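K.L.:
There's a structure below that I have some questions on.
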Amino acid sequence: MTMQTPSPSGHILQAFDNELDQLQHLALKMTALLQQQLELMIEAFAEEDGEAALQLIAQSSHVTLLASAIDQEVLEVLARHHPVANDLRAIIAIAKISAELEKLNIELCEIARLLVGLFTHKANVAGVELPGDIIRIAELAETMLENLLLAFWNQQSNPAYALLQTSRNCEQSLQTIIKQQLAFAVANAHLVGRTLEIIEILKAFDHCCEYCRHIAESIIFMVDGRDVRHLKLAEPAVAFGETANGA
């Protein structure tokens with residue numbers, strides 16, 4: 001009986017699949033680390049815990065290292081295999097997701113630094129309802145990131161379509177809260193410094209929502225091959241995904 005040896009092309013395909021799996025694993029690990037960052041953020045807000053905020057900053061370097069690893073791996077895969085069609089689309093999407101996750105990491109570190117300043121120079125709370133608003137926004141960001149992780153893991157675009165609308169709703173809520181805080185600053189000049197710092201935190205969360213939306217768009221591009229970056233905001237998100245997988 002003659003043994004059949006794998007063809008060279010079979011080895012190449014297997015190697016490429018392994019490398020693509022590694023890229024996806026790195027992106028998933030990066031997302032999971034950012035989930036942990038958001039958990040620390042919520043703890044810092046809820047307990048007014050400066051140590052939790054400092055821990056978040058200390059752990060941010062792990063996310064940066066993963067982003068660098070993904071960038072390097074993407075370049076090597078492109079150079080070795082010259083992928084086309086769906087494979088190239090997946091690699092481009094992972095590179096974009098990594099870039100957005102890195103931006104998210106930067107914003108979370110900035111929020112943590114602002115929190116350390118607020119807790120160190122403690123003053124009267126700028127608005128009675130604001131701490132609850134901030135915690136709710138942080139929890140929503142954590143939920144969005146968790147749903148993005150599941151959508152990416154399962155290669156499903158429908159949850160990503162839903163997240164487009166969720167992120168937009170989050171941004172609209174933040175704009176309303178920011179306007180309320182600006183009005184509060186005008187009426188309470190003695191607390192204007194602290195209020196402006198809180199507004200900076202809210203703006204950073206606004207950027208986080210934007211980055212989550214960009215990640216959802218990249219997942220849709222990877223799974224369905226659709227560029228949804230310029231869809232009208234007025235259209236319901238579910239309509240965008242009515243022909244997507246899993247519908």
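How things are named: the first chain in the structure tokens is A, the next is B, and so on; residues count from 1 in each chain; ligands count from 1 in the order shown.
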Using only C-alpha atoms, which protein or nucleic acid residues come within 9 Å of Glu39 of chain A? Drop anything in the same chain fewer than 5 positions from it, and give the result as a PyMOL selection string.
P.N.:
chain A and resi 34+44+138-139+142
K.L.:
Find the residues near segment 166-172 of chain A: any atom within 10 Å, counting only C-alpha atoms, skip ones fewer than 6 places away on the same chain, and give them as a PyMOL selection string.
P.N.:
chain A and resi 137+140-141+144+160+178+202-203+205-214+216+233+237
K.L.:
Only C-alpha atoms, please: the residues just picked out, written as a PDB file, in the first residue's frame.
P.N.:
ATOM      1  CA  ILE A 137     -22.171  54.394  30.613  1.00  0.00           C
ATOM      2  CA  LEU A 140     -22.870  49.821  28.719  1.00  0.00           C
ATOM      3  CA  ALA A 141     -19.378  50.058  27.206  1.00  0.00           C
ATOM      4  CA  MET A 144     -20.843  46.360  24.071  1.00  0.00           C
ATOM      5  CA  ALA A 160     -22.630  43.531  15.216  1.00  0.00           C
ATOM      6  CA  ILE A 178     -22.378  66.607  28.654  1.00  0.00           C
ATOM      7  CA  LEU A 202     -17.658  61.778  29.397  1.00  0.00           C
ATOM      8  CA  LYS A 203     -15.988  62.821  26.142  1.00  0.00           C
ATOM      9  CA  PHE A 205     -16.434  57.530  26.899  1.00  0.00           C
ATOM     10  CA  ASP A 206     -17.982  59.101  23.786  1.00  0.00           C
ATOM     11  CA  HIS A 207     -14.821  58.132  21.900  1.00  0.00           C
ATOM     12  CA  CYS A 208     -15.045  54.616  23.365  1.00  0.00           C
ATOM     13  CA  CYS A 209     -18.558  54.221  21.957  1.00  0.00           C
ATOM     14  CA  GLU A 210     -17.294  55.401  18.583  1.00  0.00           C
ATOM     15  CA  TYR A 211     -14.474  52.836  18.614  1.00  0.00           C
ATOM     16  CA  CYS A 212     -16.919  50.059  19.520  1.00  0.00           C
ATOM     17  CA  ARG A 213     -19.014  51.059  16.523  1.00  0.00           C
ATOM     18  CA  HIS A 214     -15.947  50.902  14.274  1.00  0.00           C
ATOM     19  CA  ALA A 216     -18.746  46.303  14.819  1.00  0.00           C
ATOM     20  CA  LEU A 233     -27.978  56.941  11.009  1.00  0.00           C
ATOM     21  CA  ALA A 237     -29.828  48.908  12.398  1.00  0.00           C
TER      22      ALA A 237
END
K.L.:
Atom CA of Leu150 of chain A and atom CA of Ile201 of chain A are how many Å apart?
P.N.:
27.1 Å
K.L.:
Interatomic distance between atom CA of Gln59 of chain A and atom CA of Ile199 of chain A?
P.N.:
24.5 Å
K.L.:
Within 9 Å of Ala95 of chain A, counting only C-alpha atoms, which residues show up once you throw out same-chain ones fewer than 6 positions away? Write them as number ranges by chain, please.
P.N.:
A: 23, 27, 67, 70-71, 74
K.L.:
So that I have them on file, write out the residues from the current selection with C-alpha atoms, as a PDB file, in the first residue's frame.
P.N.:
ATOM      1  CA  LEU A  23      -4.350  36.405  14.561  1.00  0.00           C
ATOM      2  CA  ALA A  27      -7.535  39.893  18.767  1.00  0.00           C
ATOM      3  CA  ALA A  67      -1.541  45.361  19.346  1.00  0.00           C
ATOM      4  CA  ILE A  70      -1.000  41.700  15.750  1.00  0.00           C
ATOM      5  CA  ASP A  71       0.573  44.385  13.536  1.00  0.00           C
ATOM      6  CA  VAL A  74      -0.451  40.822   9.849  1.00  0.00           C
TER       7      VAL A  74
END
K.L.:
So, counting only C-alpha atoms, which residue among A:Thr143, A:Ile177, A:Glu100, A:Arg113 is closest to Thr195 of chain A?
P.N.:
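Closest residue, counting only C-alpha atoms: A:Ile177.
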K.L.:
Out of A:Thr120, A:Gln181, A:Gln37, A:Gln72, which residue has the shortest atom-to-atom distance to Gln55 of chain A when counting only C-alpha atoms?
P.N.:
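Result for the nearest residue to Gln55 of chain A: A:Gln37.
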K.L.:
To one decimal place in Å, what is the distance between atom CA of Asn105 of chain A and atom CA of Thr176 of chain A?
P.N.:
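Atom CA of Asn105 of chain A sits 24.2 Å away from atom CA of Thr176 of chain A.
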K.L.:
Out of A:Val228, A:Ala112, A:Met30, A:Ala183, which residue has the shortest atom-to-atom distance to Ala69 of chain A when counting only C-alpha atoms?
P.N.:
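Nearest to Ala69 of chain A: A:Met30.
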